[in-house]
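Colleague: Pasting entry.cif below, which is mmCIF, C-alpha atoms.
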```cif
data_final
loop_
_atom_site.label_atom_id
_atom_site.label_comp_id
_atom_site.auth_asym_id
_atom_site.auth_seq_id
_atom_site.Cartn_x
_atom_site.Cartn_y
_atom_site.Cartn_z
CA MET A 21 -39.94 -36.52 164.18
CA HIS A 22 -42.87 -37.11 166.47
CA THR A 23 -42.01 -38.20 169.99
CA PRO A 24 -44.81 -39.87 171.94
CA THR A 25 -45.57 -38.12 175.20
CA ARG A 26 -45.59 -40.11 178.37
CA SER A 27 -48.77 -39.98 180.52
CA PRO A 28 -48.45 -38.33 183.87
CA SER A 29 -48.33 -40.80 186.75
CA SER A 30 -51.73 -39.70 188.05
CA VAL A 31 -53.34 -40.54 184.72
CA ARG A 32 -51.58 -43.90 184.63
CA ASP A 33 -52.75 -44.75 188.17
CA ARG A 34 -56.31 -43.81 187.30
CA ASN A 35 -56.22 -46.03 184.23
CA LEU A 36 -54.83 -48.92 186.25
CA ARG A 37 -57.66 -48.57 188.78
CA ARG A 38 -60.19 -48.60 185.98
CA LEU A 39 -58.60 -51.68 184.49
CA ARG A 40 -58.64 -53.48 187.84
CA THR A 41 -62.27 -52.58 188.37
CA LEU A 42 -63.10 -53.81 184.90
CA THR A 43 -61.24 -57.08 185.49
CA VAL A 44 -62.96 -57.79 188.79
CA GLY A 45 -66.33 -56.87 187.33
CA THR A 46 -65.82 -59.17 184.38
CA ALA A 47 -64.80 -62.05 186.63
CA VAL A 48 -67.86 -61.61 188.89
CA ALA A 49 -70.14 -61.37 185.89
CA GLY A 50 -68.56 -64.48 184.38
CA ILE A 51 -69.09 -66.52 187.55
CA ALA A 52 -72.66 -65.36 187.81
CA ALA A 53 -73.34 -66.16 184.18
CA THR A 54 -71.79 -69.62 184.51
CA ALA A 55 -73.88 -70.42 187.56
CA GLY A 56 -77.05 -69.12 185.94
CA LEU A 57 -76.58 -70.93 182.67
CA GLY A 58 -75.56 -74.12 184.46
CA THR A 59 -78.76 -74.08 186.53
CA LEU A 60 -80.82 -73.44 183.42
CA ALA A 61 -79.11 -76.27 181.54
CA ALA A 62 -79.60 -78.68 184.44
CA ARG A 63 -83.32 -77.93 184.51
CA ASN A 64 -83.75 -78.41 180.79
CA ASP A 65 -81.51 -81.48 180.33
CA ALA A 66 -80.99 -83.44 183.47
CA GLY A 67 -79.07 -86.14 181.62
CA GLN A 68 -79.41 -89.89 181.87
CA SER A 69 -77.01 -92.64 182.75
CA ALA A 70 -76.43 -95.27 180.10
CA PRO A 71 -77.85 -98.65 181.09
CA ALA A 72 -75.31 -101.24 182.00
CA THR A 73 -76.56 -103.54 179.27
CA THR A 74 -78.55 -102.90 176.15
CA SER A 75 -80.34 -105.11 173.75
CA SER A 76 -81.32 -104.48 170.18
CA SER A 77 -83.23 -106.46 167.64
CA SER A 78 -82.50 -104.15 164.76
CA THR A 79 -80.27 -105.19 161.90
CA THR A 80 -77.72 -102.74 160.64
CA THR A 81 -75.68 -102.81 157.48
CA THR A 82 -72.78 -100.84 158.79
CA THR A 83 -70.58 -100.88 161.83
CA PRO A 84 -69.28 -97.75 163.49
CA THR A 85 -65.61 -97.02 163.25
CA THR A 86 -63.49 -95.71 166.02
CA THR A 87 -63.14 -91.99 165.81
CA THR A 88 -59.61 -90.98 164.89
CA ASP A 89 -57.76 -87.87 163.94
CA THR A 90 -58.10 -88.35 160.23
CA THR A 91 -55.74 -85.59 159.32
CA SER A 92 -52.86 -86.86 161.43
CA THR A 93 -50.89 -83.68 161.34
CA SER A 94 -50.03 -84.02 164.99
CA GLY A 95 -49.15 -86.81 167.35
CA ASP A 96 -45.97 -88.37 168.57
CA SER A 97 -46.33 -91.74 166.92
CA LEU A 98 -47.83 -93.40 163.89
CA GLN A 99 -51.26 -94.73 164.78
CA ALA A 100 -52.38 -98.25 163.96
CA ALA A 101 -55.74 -98.91 162.33
CA PRO A 102 -58.48 -99.21 164.97
CA GLN A 103 -59.67 -102.48 163.45
CA ALA A 104 -57.41 -105.13 161.96
CA ALA A 105 -57.85 -106.04 158.33
CA THR A 106 -58.79 -109.56 157.35
CA SER A 107 -58.00 -111.59 154.29
CA GLY A 108 -60.56 -111.56 151.52
CA SER A 109 -61.44 -113.72 148.60
CA GLY A 110 -62.83 -112.88 145.22
CA GLY A 111 -62.21 -109.53 143.64
CA GLY A 112 -61.61 -106.27 145.33
CA GLN A 113 -63.77 -103.17 145.11
CA VAL A 114 -60.76 -100.93 144.77
CA THR A 115 -57.03 -101.29 144.24
CA SER A 116 -54.18 -100.12 146.44
CA GLY A 117 -50.90 -99.76 144.64
CA GLY A 118 -48.19 -97.34 143.78
CA SER A 119 -48.97 -94.14 141.95
CA GLY A 120 -46.51 -91.48 142.86
CA ARG A 121 -49.05 -88.80 142.68
CA MET B 7 -75.94 -100.60 148.01
CA ILE B 8 -72.36 -99.71 147.16
CA GLU B 9 -71.94 -97.18 144.38
CA SER B 10 -68.70 -95.95 142.89
CA ALA B 11 -67.19 -93.28 140.68
CA ILE B 12 -63.77 -93.13 139.04
CA TRP B 13 -62.18 -90.03 137.58
CA ARG B 14 -58.86 -88.26 137.13
CA ALA B 15 -57.71 -85.83 139.79
CA LEU B 16 -54.39 -84.57 141.17
CA GLY B 17 -52.56 -86.25 138.29
CA THR B 18 -53.79 -89.66 139.31
CA THR B 19 -57.02 -91.64 139.62
CA ALA B 20 -59.69 -90.92 142.20
CA HIS B 21 -61.94 -93.86 143.05
CA LEU B 22 -64.85 -93.15 145.37
CA LEU B 23 -67.07 -95.81 146.91
CA VAL B 24 -70.13 -94.88 148.96
CA ALA B 25 -72.19 -97.19 151.11
CA ASP B 26 -75.35 -95.15 150.86
CA GLY B 27 -76.55 -91.69 149.95
CA ASP B 28 -76.03 -89.36 147.04
CA LEU B 29 -72.90 -90.41 145.12
CA ALA B 30 -72.93 -87.32 142.90
CA LEU B 31 -73.01 -85.02 145.91
CA ALA B 32 -70.23 -86.94 147.61
CA ARG B 33 -68.08 -86.73 144.48
CA TRP B 34 -68.74 -83.00 144.26
CA GLU B 35 -67.48 -82.57 147.81
CA VAL B 36 -64.41 -84.67 147.05
CA ASP B 37 -63.67 -82.50 144.03
CA GLU B 38 -64.00 -79.39 146.14
CA VAL B 39 -61.29 -80.68 148.46
CA LEU B 40 -59.05 -81.87 145.65
CA ASP B 41 -59.38 -78.57 143.79
CA ALA B 42 -58.32 -76.76 146.95
CA VAL B 43 -55.39 -79.12 147.35
CA GLU B 44 -54.32 -78.57 143.75
CA GLN B 45 -54.43 -74.82 144.13
CA THR B 46 -52.71 -74.90 147.48
CA TYR B 47 -49.80 -77.32 147.28
CA SER B 48 -49.29 -78.51 143.73
CA ARG B 49 -45.62 -78.41 142.77
CA PHE B 50 -46.53 -78.07 139.13
CA ARG B 51 -48.62 -74.92 139.31
CA PRO B 52 -46.55 -71.76 139.47
CA ASP B 53 -49.53 -69.98 141.00
CA SER B 54 -50.05 -72.47 143.82
CA GLU B 55 -49.54 -71.27 147.34
CA LEU B 56 -46.69 -73.76 147.74
CA SER B 57 -44.91 -72.48 144.63
CA ARG B 58 -45.17 -68.95 145.96
CA LEU B 59 -43.81 -70.08 149.32
CA ASN B 60 -40.90 -71.87 147.65
CA ALA B 61 -40.15 -68.66 145.76
CA SER B 62 -39.96 -66.64 148.99
CA PRO B 63 -36.87 -67.81 150.86
CA GLU B 64 -35.78 -66.14 154.06
CA GLU B 65 -39.22 -64.59 154.53
CA ASP B 66 -41.78 -65.23 157.25
CA VAL B 67 -44.78 -66.28 155.22
CA ARG B 68 -48.20 -66.78 156.71
CA VAL B 69 -49.82 -69.76 154.99
CA SER B 70 -53.40 -70.93 154.65
CA ARG B 71 -54.86 -73.50 157.01
CA LEU B 72 -54.68 -76.20 154.33
CA LEU B 73 -51.04 -75.54 153.48
CA GLY B 74 -50.28 -75.42 157.18
CA GLN B 75 -51.89 -78.83 157.60
CA ALA B 76 -49.89 -80.22 154.69
CA ILE B 77 -46.61 -78.82 156.00
CA ALA B 78 -47.37 -80.10 159.50
CA ALA B 79 -48.11 -83.57 158.12
CA ALA B 80 -44.89 -83.60 156.09
CA LEU B 81 -42.74 -82.45 158.99
CA ARG B 82 -44.38 -84.96 161.28
CA GLY B 83 -43.68 -87.67 158.71
CA ALA B 84 -40.05 -86.64 158.59
CA ARG B 85 -39.77 -86.71 162.35
CA LEU B 86 -41.53 -90.04 162.82
CA SER B 87 -39.56 -91.70 160.02
CA ASP B 88 -36.23 -90.43 161.34
CA GLY B 89 -35.79 -88.46 158.15
CA ALA B 90 -36.59 -91.23 155.67
CA LEU B 91 -39.27 -88.88 154.40
CA ASP B 92 -38.23 -85.31 153.97
CA PRO B 93 -40.26 -82.49 152.44
CA THR B 94 -37.08 -80.61 151.50
CA VAL B 95 -36.58 -82.93 148.51
CA GLY B 96 -38.15 -80.33 146.22
CA THR B 97 -34.93 -79.29 144.52
CA ALA B 98 -33.70 -82.88 144.33
CA MET B 99 -36.95 -83.93 142.68
CA ARG B 100 -36.42 -81.34 139.96
CA LEU B 101 -32.81 -82.39 139.48
CA VAL B 102 -33.75 -86.02 138.88
CA GLY B 103 -36.17 -84.87 136.21
CA TYR B 104 -39.50 -84.81 138.04
CA GLY B 105 -40.10 -81.10 138.11
CA GLU B 106 -43.19 -80.97 135.97
CA ASP B 107 -46.35 -82.90 135.26
CA PHE B 108 -45.52 -86.57 134.91
CA GLY B 109 -46.80 -86.77 131.33
CA ARG B 110 -44.15 -84.26 130.31
CA VAL B 111 -41.50 -86.05 132.36
CA LEU B 112 -42.05 -89.14 130.22
CA GLU B 113 -41.54 -87.16 127.02
CA ARG B 114 -37.98 -86.17 127.93
CA ALA B 115 -34.98 -88.38 127.29
CA ASP B 116 -31.96 -86.08 127.39
CA PRO B 117 -29.28 -86.86 129.98
CA LEU B 118 -29.30 -85.46 133.48
CA THR B 119 -26.46 -84.53 135.74
CA LEU B 120 -27.10 -86.26 139.03
CA ARG B 121 -25.53 -85.06 142.21
CA VAL B 122 -25.10 -87.23 145.29
CA ALA B 123 -25.69 -85.04 148.31
CA PRO B 124 -28.09 -84.93 151.24
CA VAL B 125 -31.17 -82.74 150.91
CA PRO B 126 -31.20 -79.62 153.10
CA GLY B 127 -33.20 -81.46 155.73
CA TRP B 128 -36.59 -80.94 157.32
CA ARG B 129 -35.11 -79.36 160.44
CA ALA B 130 -34.16 -76.36 158.32
CA VAL B 131 -37.84 -75.50 157.90
CA ARG B 132 -39.22 -73.09 160.45
CA PHE B 133 -42.94 -73.63 160.91
CA ASP B 134 -45.10 -72.32 163.72
CA PRO B 135 -48.46 -74.09 163.64
CA GLN B 136 -49.89 -71.55 166.09
CA THR B 137 -49.31 -68.61 163.80
CA SER B 138 -49.21 -70.59 160.52
CA ARG B 139 -45.96 -68.89 159.66
CA VAL B 140 -43.28 -70.63 157.63
CA ARG B 141 -39.72 -69.62 156.88
CA LEU B 142 -37.64 -71.50 154.35
CA PRO B 143 -33.88 -71.04 154.11
CA ARG B 144 -32.57 -70.03 150.71
CA GLY B 145 -32.15 -73.05 148.48
CA VAL B 146 -34.89 -75.09 150.17
CA GLU B 147 -37.92 -76.11 148.14
CA LEU B 148 -40.72 -78.07 149.76
CA ASP B 149 -42.28 -81.06 148.00
CA LEU B 150 -45.43 -82.19 149.80
CA ASP B 151 -46.54 -84.73 147.24
CA SER B 152 -46.14 -87.84 149.36
CA THR B 153 -47.97 -86.97 152.56
CA GLY B 154 -49.96 -84.32 150.71
CA LYS B 155 -51.79 -86.85 148.58
CA ALA B 156 -52.59 -88.94 151.63
CA LEU B 157 -53.80 -85.88 153.51
CA ALA B 158 -56.01 -85.05 150.55
CA ALA B 159 -57.48 -88.55 150.72
CA ASP B 160 -58.19 -88.24 154.44
CA LEU B 161 -59.81 -84.83 154.08
CA ALA B 162 -61.80 -85.67 150.96
CA ALA B 163 -63.09 -88.96 152.35
CA ALA B 164 -64.33 -87.14 155.43
CA ALA B 165 -65.99 -84.52 153.24
CA ALA B 166 -67.69 -87.25 151.22
CA SER B 167 -69.02 -88.93 154.33
CA ASP B 168 -70.34 -85.62 155.60
CA ALA B 169 -72.09 -85.05 152.28
CA LEU B 170 -73.65 -88.48 152.60
CA GLY B 171 -75.15 -87.59 155.94
CA GLY B 172 -72.59 -89.62 157.81
CA HIS B 173 -72.77 -92.74 155.68
CA GLY B 174 -69.59 -94.61 154.90
CA ALA B 175 -67.22 -93.65 152.12
CA LEU B 176 -63.94 -94.98 150.77
CA LEU B 177 -61.70 -92.80 148.66
CA SER B 178 -58.64 -94.00 146.81
CA LEU B 179 -56.25 -91.40 145.41
CA GLY B 180 -53.81 -93.28 143.26
CA GLY B 181 -53.98 -96.28 145.56
CA ASP B 182 -53.80 -94.41 148.86
CA ILE B 183 -57.07 -95.31 150.54
CA ALA B 184 -58.92 -93.38 153.23
CA LEU B 185 -62.14 -94.40 154.93
CA ALA B 186 -64.71 -92.21 156.61
CA GLY B 187 -67.97 -92.97 158.34
CA PRO B 188 -69.33 -96.39 159.17
CA VAL B 189 -67.82 -99.38 157.39
CA PRO B 190 -70.12 -101.89 155.66
CA VAL B 191 -70.58 -105.05 157.71
CA ASP B 192 -68.60 -107.00 155.15
CA GLY B 193 -65.88 -104.36 155.14
CA TRP B 194 -64.25 -102.74 152.10
CA ARG B 195 -62.45 -105.23 149.86
CA VAL B 196 -59.13 -104.00 148.52
CA LEU B 197 -56.88 -105.63 145.96
CA VAL B 198 -53.31 -105.09 147.14
CA ALA B 199 -51.18 -104.59 144.07
CA GLU B 200 -48.02 -102.81 143.04
CA ASP B 201 -49.75 -100.60 140.51
CA SER B 202 -52.92 -98.84 141.55
CA ALA B 203 -54.04 -98.97 137.92
CA ALA B 204 -54.52 -102.76 138.21
CA ALA B 205 -58.16 -103.81 137.85
CA SER B 206 -59.59 -104.27 141.32
CA ASP B 207 -61.33 -107.51 140.30
CA GLY B 208 -58.15 -108.94 138.82
CA PRO B 209 -55.93 -111.62 140.34
CA GLY B 210 -53.99 -110.91 143.47
CA GLU B 211 -54.21 -110.62 147.22
CA VAL B 212 -57.38 -109.12 148.60
CA ILE B 213 -57.75 -107.80 152.11
CA VAL B 214 -60.84 -106.50 153.83
CA LEU B 215 -60.66 -103.18 155.64
CA HIS B 216 -62.85 -102.71 158.70
CA GLY B 217 -61.42 -99.33 159.61
CA GLY B 218 -58.36 -97.18 159.27
CA ALA B 219 -56.58 -96.58 155.99
CA LEU B 220 -54.20 -98.23 153.57
CA ALA B 221 -51.38 -96.76 151.52
CA THR B 222 -48.96 -98.31 149.08
CA SER B 223 -45.66 -96.91 147.86
CA SER B 224 -43.82 -98.52 144.99
CA THR B 225 -40.76 -97.99 142.87
CA THR B 226 -42.37 -99.94 140.04
CA VAL B 227 -44.56 -97.04 138.95
CA ARG B 228 -43.82 -93.39 138.21
CA ARG B 229 -40.57 -94.38 136.56
CA TRP B 230 -38.87 -92.54 133.78
CA ALA B 231 -35.66 -92.79 131.78
CA ARG B 232 -33.10 -90.07 131.23
CA GLY B 233 -29.83 -90.58 129.43
CA GLY B 234 -30.12 -94.35 129.70
CA ALA B 235 -30.78 -94.35 133.45
CA THR B 236 -34.11 -95.40 134.91
CA LEU B 237 -35.34 -93.31 137.80
CA HIS B 238 -38.31 -93.29 140.14
CA HIS B 239 -39.99 -90.81 142.43
CA LEU B 240 -39.13 -92.17 145.87
CA LEU B 241 -36.01 -90.21 146.71
CA ASP B 242 -33.58 -91.04 149.46
CA PRO B 243 -32.99 -87.81 151.39
CA ARG B 244 -29.46 -88.97 152.18
CA THR B 245 -28.43 -88.96 148.53
CA SER B 246 -31.10 -86.91 146.69
CA LEU B 247 -31.35 -89.87 144.30
CA PRO B 248 -34.06 -92.50 143.82
CA ALA B 249 -33.91 -94.88 146.76
CA VAL B 250 -32.11 -98.15 146.20
CA SER B 251 -34.00 -100.57 148.38
CA PRO B 252 -34.47 -104.30 148.82
CA TRP B 253 -38.18 -103.52 148.69
CA ARG B 254 -39.94 -102.41 145.53
CA THR B 255 -43.39 -102.04 147.07
CA ALA B 256 -44.68 -101.44 150.59
CA SER B 257 -48.32 -101.41 151.71
CA VAL B 258 -49.20 -100.29 155.23
CA LEU B 259 -52.37 -100.17 157.30
CA ALA B 260 -52.77 -97.32 159.77
CA ALA B 261 -55.39 -95.19 161.45
CA SER B 262 -55.14 -92.52 158.76
CA CYS B 263 -53.98 -92.41 155.20
CA VAL B 264 -51.28 -89.94 156.17
CA ASP B 265 -49.80 -92.33 158.72
CA ALA B 266 -50.07 -95.26 156.30
CA ASN B 267 -48.33 -93.24 153.60
CA ILE B 268 -45.55 -92.11 155.92
CA ALA B 269 -44.81 -95.68 156.93
CA ALA B 270 -45.08 -97.13 153.40
CA THR B 271 -42.71 -94.60 151.85
CA ALA B 272 -40.34 -94.74 154.80
CA ALA B 273 -40.20 -98.53 154.51
CA ILE B 274 -38.94 -98.29 150.93
CA VAL B 275 -36.32 -95.70 151.81
CA ARG B 276 -35.19 -97.33 155.04
CA GLY B 277 -34.53 -100.57 153.18
CA ALA B 278 -33.23 -103.53 155.10
CA ASP B 279 -34.34 -102.37 158.52
CA ALA B 280 -37.89 -101.63 157.37
CA PRO B 281 -39.45 -104.82 158.85
CA ALA B 282 -37.96 -104.16 162.29
CA TRP B 283 -38.92 -100.49 162.13
CA LEU B 284 -42.48 -101.33 161.09
CA GLU B 285 -42.73 -103.90 163.89
CA ALA B 286 -41.68 -101.21 166.33
CA THR B 287 -44.36 -98.86 165.06
CA GLY B 288 -47.02 -101.54 165.54
CA LEU B 289 -48.35 -101.08 162.03
CA ALA B 290 -49.39 -103.95 159.80
CA ALA B 291 -47.52 -104.03 156.51
CA ARG B 292 -46.84 -106.02 153.39
CA LEU B 293 -43.47 -105.67 151.70
CA VAL B 294 -42.57 -106.95 148.25
CA SER B 295 -38.87 -107.44 147.66
CA THR B 296 -37.14 -106.69 144.37
CA SER B 297 -37.23 -110.43 143.69
CA GLY B 298 -40.98 -110.58 144.29
CA ALA B 299 -40.91 -112.23 147.70
CA VAL B 300 -43.72 -111.04 149.95
CA ARG B 301 -43.08 -110.37 153.61
CA ARG B 302 -45.90 -109.61 156.00
CA VAL B 303 -45.29 -107.59 159.14
CA GLY B 304 -47.38 -107.26 162.28
CA ALA B 305 -51.09 -107.91 161.94
CA TRP B 306 -51.17 -107.94 158.15
CA PRO B 307 -53.55 -110.81 157.33
CA ALA B 308 -52.31 -114.02 155.78
CA PRO B 309 -53.57 -114.37 152.23
CA ALA B 310 -56.71 -116.33 151.52
CA ALA B 311 -56.08 -119.86 150.31
CA ALA B 312 -57.57 -119.04 146.92
CA HIS B 313 -54.89 -116.43 146.32
CA LEU B 314 -52.15 -118.96 146.90
CA GLN B 315 -53.41 -120.95 143.90
CA GLY B 316 -53.44 -124.35 145.53
CA ARG B 317 -50.61 -123.83 147.97
CA ALA B 318 -51.26 -124.54 151.61
CA ALA B 319 -52.42 -121.44 153.42
CA PRO B 320 -50.12 -120.23 156.18
CA ALA B 321 -51.25 -120.62 159.74
CA PRO B 322 -53.51 -117.78 160.84
CA THR B 323 -50.98 -116.63 163.38
CA ARG B 324 -48.79 -113.74 162.42
CA THR B 325 -45.83 -114.63 160.28
CA SER B 326 -43.13 -112.45 158.93
CA SER B 327 -41.81 -115.06 156.55
CA SER B 328 -42.15 -114.88 152.81
CA ALA B 329 -45.45 -116.51 151.95
CA HIS B 330 -45.29 -116.42 148.19
CA HIS B 331 -43.91 -114.58 145.24
CA VAL B 332 -45.61 -112.10 142.99
CA PRO B 333 -44.72 -111.61 139.35
CA ALA B 334 -41.50 -109.79 138.69
CA ALA B 335 -41.64 -106.06 138.27
CA PRO B 336 -38.95 -103.73 137.00
CA VAL B 337 -36.48 -102.67 139.65
CA PRO B 338 -34.45 -99.51 139.92
CA SER B 339 -31.36 -99.24 137.81
CA ARG B 340 -28.52 -100.63 139.89
CA HIS B 341 -26.05 -98.07 138.69
CA LEU B 342 -27.72 -95.58 140.97
CA ALA B 343 -26.68 -97.62 143.99
CA THR B 344 -24.68 -95.61 146.46
CA GLU B 345 -23.49 -96.24 149.95
CA ALA B 346 -25.82 -94.01 151.85
CA PRO B 347 -24.72 -92.28 155.03
CA ALA B 348 -26.64 -92.81 158.21
CA MET B 349 -30.15 -91.36 158.31
CA ARG B 350 -30.20 -87.90 159.69
#
```
What does the file become when written as structure tokens?

Modeller:
Amino acid sequence: MHTPTRSPSSVRDRNLRRLRTLTVGTAVAGIAATAGLGTLAARNDAGQSAPATTSSSSTTTTTPTTTTDTTSTSGDSLQAAPQAATSGSGGGQVTSGGSGR
Amino acid sequence: MIESAIWRALGTTAHLLVADGDLALARWEVDEVLDAVEQTYSRFRPDSELSRLNASPEEDVRVSRLLGQAIAAALRGARLSDGALDPTVGTAMRLVGYGEDFGRVLERADPLTLRVAPVPGWRAVRFDPQTSRVRLPRGVELDLDSTGKALAADLAAAAASDALGGHGALLSLGGDIALAGPVPVDGWRVLVAEDSAAASDGPGEVIVLHGGALATSSTTVRRWARGGATLHHLLDPRTSLPAVSPWRTASVLAASCVDANIAATAAIVRGADAPAWLEATGLAARLVSTSGAVRRVGAWPAPAAAHLQGRAAPAPTRTSSSAHHVPAAPVPSRHLATEAPAMR
């Protein structure tokens, strides 16, 4: 049966020093990269505040819906529809009813 | 301009409405999702991933993302309904005769031996959503049909809207309705019936959806007879038998089709306390009693005057009282009535 050999303590200490050096180096590089990319992004896209009021003369045929988690596989409560339904007259476009599957 | 397509899928009817864009492409995307669902968590395909999972008790099984979503939705439904829904009804569903495609179920008439006992219970399922690993105890079979169909509707509607470049889509899978994308300014008009096969332009109550989703569960459809007893597919986890409920149909509005389905099915199973439970959830609902009385809960809209056929329309404020009756529908065989223990 093969028994793994343990590294001598000197080898282990050397490896730990290398790991620490690598960790510090990665952290410094990460900070530098974040700062550099952030500066670059700020120059290219300075952003713009939304006006307090807007006006529009265009006519749309649809209204946006509130974004929801459509899969609902998480969450601690059942979520109500973002917009209430209203009563309708005339025929429907589709039917809701029992099916089983 | 609204366009629509109707076809068979997942053992039921798929009805897709699109507000704009390429209907054929949207339908193709819907079919892609539904095919994946069929292959992943159909109970009736021995080669589905779910069937393979059910055949691997006491094993840590890593499941696909889609099956993980379906299991997560079912377990969440069980938790949020206090066990009124329970995905561990798989064995019970087979024992009441619904262990194969429904067309074949209808062909059988020989007697069944029914056993009154609680299902194993959803807490017996070990599922880690982080690692997508599932472990089922021996004797536990998952049935994801209820929330699984609703999840399929949510996912497929979103896929359709994406295919339409973000335009609005409505998808009904056997009457469970999911919306995705912008809603037409006039909303989506839905006939609320007990059978999703009813013609959408036929008589009945119509509501207009401006967002969210709508699901209906009913004991009046998916019924079959064995040995002189009439059964249906909404099982009570406390007894493993078809639920005996004062409500034969429940329709619920929610943010997603999964949530609407959870609440609609739970309302049937919970029975008498369903209105109070639904009120507590804040969901709008419409319940039809076994006698045909309609009870509206929460923000469910009062019916249009035209639907009441000359009767005075109720005040627009929310009412939970019975507004009218709908035609009688068959009700579960009373001989299945049992005194159910408290919900687990």

Colleague: Quick one: residues within 7 Å of range 97-110 of chain A, all atoms listed in the file, excluding same-chain residues fewer than 6 positions away - as a PyMOL selection string?

Modeller: (chain A and resi 86) or (chain B and resi 86+195+212-219+259-261+265+287-289+305-310+312)

Colleague: Under the rule that only C-alpha atoms are counted, which of B:Ala205, B:Leu247, B:Leu56, B:Val39 is the nearest residue to chain A?

Modeller: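 Using only C-alpha atoms, chain A sits closest to B:Ala205.
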
Colleague: Show which residues sit within 7 Å of Ala166 in chain B, as a ChimeraX atom specification. Count only C-alpha atoms, and ignore same-chain residues fewer than 3 positions away.

Modeller: /B:32-33,35-36,162-163,169-170,175

Colleague: Output C-alpha atoms of each residue in that selection to a file, as a PDB file, in the frame of the given file.

Modeller:
```pdb
ATOM      1  CA  ALA B  32     -70.230 -86.940 147.610  1.00  0.00           C
ATOM      2  CA  ARG B  33     -68.080 -86.730 144.480  1.00  0.00           C
ATOM      3  CA  GLU B  35     -67.480 -82.570 147.810  1.00  0.00           C
ATOM      4  CA  VAL B  36     -64.410 -84.670 147.050  1.00  0.00           C
ATOM      5  CA  ALA B 162     -61.800 -85.670 150.960  1.00  0.00           C
ATOM      6  CA  ALA B 163     -63.090 -88.960 152.350  1.00  0.00           C
ATOM      7  CA  ALA B 169     -72.090 -85.050 152.280  1.00  0.00           C
ATOM      8  CA  LEU B 170     -73.650 -88.480 152.600  1.00  0.00           C
ATOM      9  CA  ALA B 175     -67.220 -93.650 152.120  1.00  0.00           C
TER      10      ALA B 175
END
```

Colleague: Take the PyMOL selection byres ((chain B and resi 224-229) around 9), apply it to the structure above, and return the hits as a ChimeraX atom specification.

Modeller: /A:117-121 /B:108,112,200-202,222-223,230-231,236-240,248-249,253-257,270-271,274,335-338

Colleague: Would you work out the distance separating CA of His21 in chain B from CA of Leu293 in chain B, expressed in Å to one decimal?

Modeller: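 Interatomic distance here is 23.6 Å.
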
Colleague: With all atoms listed in the file as the atoms that count, which of B:Ala84, B:Ile12, B:Ala282, B:Ala156 lies nearest to Leu29 in chain B?

Modeller: B:Ile12

Colleague: What's around Phe133 in chain B at 10 Å? Count only C-alpha atoms, leave out sequence neighbours fewer than 3 positions away in its own chain, and write the answer as a ChimeraX atom specification.

Modeller: /B:66-69,74,77-78,81,129-130,136-142

Colleague: One decimal, in Å: what's the spacing between CA of His173 in chain B and CA of Gly112 in chain A?

Modeller: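 Distance reported for this atom pair: 20.4 Å.
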
Colleague: Evaluating the PyMOL selection byres ((chain A and resi 113) around 9) on the displayed file yields which residues, as an MDAnalysis selection string?

Modeller: (chainID A and resid 111:112 114:115) or (chainID B and resid 23 194:197 206:207)
